[in-house]
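Structure below is final.cif: mmCIF, C-alpha atoms.
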data_start
loop_
_atom_site.label_atom_id
_atom_site.label_comp_id
_atom_site.auth_asym_id
_atom_site.auth_seq_id
_atom_site.Cartn_x
_atom_site.Cartn_y
_atom_site.Cartn_z
CA MET A 1 98.50 51.61 117.20
CA ILE A 2 101.31 53.50 115.54
CA ALA A 3 105.04 52.79 115.72
CA LEU A 4 107.83 54.84 114.25
CA ILE A 5 110.74 52.42 113.95
CA GLN A 6 114.33 53.34 113.39
CA ARG A 7 117.16 50.95 112.66
CA VAL A 8 119.89 51.92 115.09
CA LEU A 9 123.48 51.12 115.92
CA GLU A 10 122.60 52.05 119.50
CA ALA A 11 119.86 53.83 121.41
CA SER A 12 119.12 54.79 124.99
CA VAL A 13 116.52 56.52 127.14
CA ARG A 14 117.27 58.70 130.16
CA VAL A 15 114.84 59.81 132.84
CA ASP A 16 116.06 62.31 135.44
CA GLY A 17 119.67 61.74 134.31
CA GLU A 18 119.47 57.95 134.72
CA ILE A 19 119.59 55.52 131.80
CA VAL A 20 116.42 53.44 132.07
CA GLY A 21 116.79 51.53 128.78
CA ALA A 22 119.60 50.99 126.27
CA ILE A 23 120.34 48.71 123.32
CA GLY A 24 123.10 48.12 120.82
CA PRO A 25 122.26 47.34 117.19
CA GLY A 26 118.54 46.84 116.62
CA LEU A 27 115.33 48.86 116.52
CA LEU A 28 114.10 51.86 118.42
CA ALA A 29 110.30 51.96 118.29
CA LEU A 30 108.37 55.05 119.33
CA VAL A 31 104.85 53.80 120.03
CA ALA A 32 101.45 55.52 120.25
CA VAL A 33 98.30 53.78 121.38
CA GLU A 34 95.08 54.92 119.75
CA PRO A 35 91.53 54.61 121.12
CA GLY A 36 90.15 51.14 120.51
CA ASP A 37 93.50 49.40 120.08
CA ASP A 38 92.45 45.90 121.06
CA GLU A 39 94.38 42.68 121.66
CA ALA A 40 94.42 41.85 117.93
CA ARG A 41 95.93 45.21 116.95
CA ILE A 42 98.49 45.07 119.72
CA ALA A 43 99.46 41.50 118.79
CA ARG A 44 99.75 42.51 115.15
CA MET A 45 102.09 45.37 116.08
CA ALA A 46 104.26 43.01 118.14
CA GLU A 47 104.42 40.67 115.16
CA ARG A 48 105.39 43.51 112.84
CA LEU A 49 108.04 44.95 115.17
CA LEU A 50 109.77 41.60 115.44
CA GLY A 51 109.23 40.51 111.84
CA TYR A 52 109.55 43.68 109.75
CA ARG A 53 112.51 43.22 107.40
CA VAL A 54 114.78 46.25 107.72
CA PHE A 55 118.19 44.62 108.18
CA ALA A 56 120.52 43.70 105.33
CA ASP A 57 121.02 40.15 104.13
CA ASP A 58 124.27 38.91 102.55
CA GLN A 59 123.41 40.77 99.32
CA GLY A 60 122.75 44.04 101.14
CA ARG A 61 118.95 43.89 100.69
CA MET A 62 116.54 44.57 103.54
CA ASN A 63 115.48 40.94 103.98
CA ARG A 64 116.23 40.27 107.65
CA SER A 65 114.06 41.05 110.65
CA LEU A 66 114.85 41.75 114.28
CA ALA A 67 113.88 38.15 115.03
CA ASP A 68 116.46 37.03 112.42
CA THR A 69 119.29 39.23 113.71
CA GLY A 70 118.65 38.91 117.45
CA GLY A 71 119.24 42.65 117.84
CA GLY A 72 117.83 44.81 120.58
CA LEU A 73 114.36 46.35 120.72
CA LEU A 74 113.86 49.59 122.62
CA LEU A 75 110.17 50.46 123.05
CA VAL A 76 109.33 54.05 123.99
CA SER A 77 105.79 55.32 124.51
CA GLN A 78 105.12 58.50 122.52
CA PHE A 79 101.48 59.62 122.38
CA THR A 80 102.38 62.58 120.15
CA LEU A 81 102.61 60.21 117.16
CA ALA A 82 98.81 59.98 117.28
CA ALA A 83 98.38 63.76 117.04
CA ASP A 84 96.07 65.27 114.43
CA THR A 85 98.19 67.88 112.63
CA ARG A 86 96.00 68.45 109.59
CA SER A 87 94.97 72.00 110.47
CA GLY A 88 96.01 74.93 112.58
CA MET A 89 99.33 75.55 114.23
CA ARG A 90 98.87 73.37 117.30
CA PRO A 91 98.45 69.57 117.38
CA SER A 92 95.26 67.99 118.65
CA PHE A 93 95.55 64.85 120.73
CA THR A 94 91.93 63.72 120.50
CA SER A 95 93.09 60.82 118.32
CA ALA A 96 95.42 59.47 121.05
CA ALA A 97 94.28 57.01 123.69
CA SER A 98 93.66 58.25 127.21
CA PRO A 99 96.65 57.89 129.54
CA GLU A 100 95.08 54.83 131.21
CA GLU A 101 94.26 53.12 127.90
CA GLY A 102 97.67 54.11 126.54
CA ARG A 103 99.48 52.60 129.51
CA ARG A 104 97.51 49.33 129.25
CA GLY A 105 98.13 49.05 125.50
CA PHE A 106 101.82 49.91 125.75
CA GLU A 107 102.41 47.49 128.63
CA ARG A 108 100.62 44.73 126.72
CA LEU A 109 102.83 45.38 123.69
CA VAL A 110 105.92 45.14 125.89
CA GLU A 111 104.63 41.89 127.39
CA LEU A 112 103.97 40.32 123.97
CA CYS A 113 107.33 41.37 122.55
CA ARG A 114 109.25 40.27 125.65
CA ALA A 115 107.67 36.80 125.43
CA ARG A 116 109.07 36.38 121.91
CA HIS A 117 112.30 38.40 121.94
CA PRO A 118 115.09 38.17 124.52
CA VAL A 119 116.66 41.63 124.09
CA LEU A 120 114.01 44.21 125.01
CA GLU A 121 114.32 47.51 126.86
CA THR A 122 111.81 50.28 127.45
CA GLY A 123 111.54 53.90 128.38
CA ARG A 124 109.30 54.94 131.27
CA PHE A 125 105.63 55.47 130.41
CA GLY A 126 104.46 59.03 131.08
CA ALA A 127 107.89 60.35 132.04
CA HIS A 128 109.83 63.14 130.38
CA MET A 129 112.43 61.11 128.50
CA LEU A 130 115.63 62.00 126.67
CA VAL A 131 116.06 59.58 123.78
CA SER A 132 119.47 59.23 122.13
CA LEU A 133 120.13 57.19 119.04
CA ALA A 134 122.51 56.54 116.21
CA ASN A 135 120.17 55.93 113.26
CA ASP A 136 121.70 53.36 110.91
CA GLY A 137 121.10 54.30 107.29
CA PRO A 138 119.13 56.34 108.16
CA VAL A 139 116.32 53.80 108.07
CA THR A 140 112.97 54.91 109.49
CA PHE A 141 109.48 53.49 108.88
CA ARG A 142 106.01 54.29 110.21
CA LEU A 143 104.00 51.16 111.03
CA GLN A 144 100.31 51.11 111.80
CA SER A 145 98.11 48.24 112.93
#

Rendering of file as structure tokens:
Amino acid sequence: MIALIQRVLEASVRVDGEIVGAIGPGLLALVAVEPGDDEARIARMAERLLGYRVFADDQGRMNRSLADTGGGLLLVSQFTLAADTRSGMRPSFTSAASPEEGRRGFERLVELCRARHPVLETGRFGAHMLVSLANDGPVTFRLQS
């Protein structure tokens, strides 16, 4: 499982002109499920999303997590993160999970995060989404479990 996380002042997702998910300060996580992502990997990603320290403490150091700040978490499925781009001029998606496996893994991640964090929004799996964000920093990290 791969997640590209961005610390944001705000973020939202639109599908067909309708906002389906929006948060204020917190994390936007673009998430790709890979073949074989099992319960342990998904649980580890949930733990990392909520516990990764990317928010400033009183001294301005990145020592606070989403769990510490209580900020929002916006989870957006994005299978293209799993693309193999090492050769050629077109990405290969053989390293991404099938749509069915991807949906199951993404929904399980949402379930695990929602059980531990009160402010959680999502995009719409498989839809064409317009994602808007105000990246704070900018601060962006790639997490893998």

- prompt: Contacts of A:Phe141 at 8 Å or less, counting all atoms listed in the file, minus same-chain residues fewer than 4 places along, as a ChimeraX atom specification?
  reply: /A:4-6

task: Do a neighbour search on A:Ala3 at 6 Å with all atoms listed in the file, toss out local chain neighbours closer than 3 positions, and write the hits as an MDAnalysis selection string.
output: chainID A and resid 29:31 142:143

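Put simply, the PyMOL selection byres ((chain A and resi 23-25) around 9) on this file hits Arg7, Val8, Leu9, Glu10, Ala11, Ser12, Gly21, Ala22, Gly26, Leu27, Leu28, Gly71, Gly72, Leu73, Leu74, Val119, Leu120, Glu121 and Asp136 of chain A.
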
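Rounded to one decimal, atom CA of A:Val131 and atom CA of A:Glu101 lie 23.1 Å from each other.
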
message: Assuming the chain letters and numbering stay as they are in my file, what does the PyMOL selection byres ((chain A and resi 18) around 12) actually select? List them as a list in words.
response: Ser12, Val13, Arg14, Val15, Asp16, Gly17, Ile19, Val20, Gly21, Ala22, Gly123, Arg124, His128, Met129, Leu130 and Val131 of chain A

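Atom pair atom CA of A:Gly88 / atom CA of A:Glu100 has a distance of 27.4 Å (rounded to one decimal).
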
Target residues per the PyMOL selection byres ((chain A and resi 61-67) around 9), formatted as a short mmCIF file (atom, residue, chain, number, x, y, z; two decimals) with C-alpha atoms, in the coordinates of the input:
data_model
loop_
_atom_site.label_atom_id
_atom_site.label_comp_id
_atom_site.auth_asym_id
_atom_site.auth_seq_id
_atom_site.Cartn_x
_atom_site.Cartn_y
_atom_site.Cartn_z
CA GLY A 26 118.54 46.84 116.62
CA LEU A 27 115.33 48.86 116.52
CA LEU A 49 108.04 44.95 115.17
CA LEU A 50 109.77 41.60 115.44
CA GLY A 51 109.23 40.51 111.84
CA TYR A 52 109.55 43.68 109.75
CA ARG A 53 112.51 43.22 107.40
CA VAL A 54 114.78 46.25 107.72
CA PHE A 55 118.19 44.62 108.18
CA ALA A 56 120.52 43.70 105.33
CA ASP A 57 121.02 40.15 104.13
CA ASP A 58 124.27 38.91 102.55
CA GLN A 59 123.41 40.77 99.32
CA GLY A 60 122.75 44.04 101.14
CA ASP A 68 116.46 37.03 112.42
CA THR A 69 119.29 39.23 113.71
CA GLY A 70 118.65 38.91 117.45
CA GLY A 71 119.24 42.65 117.84
CA GLY A 72 117.83 44.81 120.58
CA LEU A 73 114.36 46.35 120.72
CA ARG A 116 109.07 36.38 121.91
CA HIS A 117 112.30 38.40 121.94
#

query: Taking into account all atoms listed in the file, which residue in the set A:Met89, A:Leu109, A:Leu75, A:Ala83 is nearest to A:Asp37?
result: A:Leu109

Shortest interatomic distance to A:Arg108 - which of A:Ser77, A:Ser87, A:Ser95, A:Ser132, counting all atoms listed in the file: A:Ser77

query: So how many Å separate atom CA of A:Val33 and atom CA of A:Asp84, to one decimal?
result: 13.6 Å

Kindly provide, as AutoDock Vina command-line options, the centre and edge lengths (Å, one decimal) of an axis-aligned box around all atoms of stretch 121-133 of chain A given in the file, with 5 Å on each side.
--center_x 112.3 --center_y 55.3 --center_z 125.5 --size_x 25.7 --size_y 25.6 --size_z 23.0

query: With distances taken over all atoms listed in the file, which of A:Met1, A:Leu112, A:Val139, A:Ala43 is nearest to A:Gln78?
result: A:Met1

Restrict the output to stretch 118-134 of chain A and C-alpha atoms, then write it as an mmCIF file, in the first residue's frame.
data_model
loop_
_atom_site.group_PDB
_atom_site.id
_atom_site.type_symbol
_atom_site.label_atom_id
_atom_site.label_comp_id
_atom_site.auth_asym_id
_atom_site.auth_seq_id
_atom_site.Cartn_x
_atom_site.Cartn_y
_atom_site.Cartn_z
ATOM 1 C CA PRO A 118 -13.274 11.346 14.297
ATOM 2 C CA VAL A 119 -12.635 13.705 11.361
ATOM 3 C CA LEU A 120 -12.444 11.585 8.208
ATOM 4 C CA GLU A 121 -13.715 12.256 4.695
ATOM 5 C CA THR A 122 -13.200 10.372 1.448
ATOM 6 C CA GLY A 123 -13.400 10.749 -2.268
ATOM 7 C CA ARG A 124 -15.445 8.277 -4.306
ATOM 8 C CA PHE A 125 -13.661 5.070 -5.301
ATOM 9 C CA GLY A 126 -13.400 4.623 -9.070
ATOM 10 C CA ALA A 127 -14.912 8.009 -9.918
ATOM 11 C CA HIS A 128 -13.306 10.816 -11.880
ATOM 12 C CA MET A 129 -12.479 13.210 -9.048
ATOM 13 C CA LEU A 130 -11.342 16.821 -8.921
ATOM 14 C CA VAL A 131 -9.101 17.253 -5.888
ATOM 15 C CA SER A 132 -8.399 20.751 -4.568
ATOM 16 C CA LEU A 133 -5.954 21.533 -1.816
ATOM 17 C CA ALA A 134 -3.925 24.215 -0.140
#
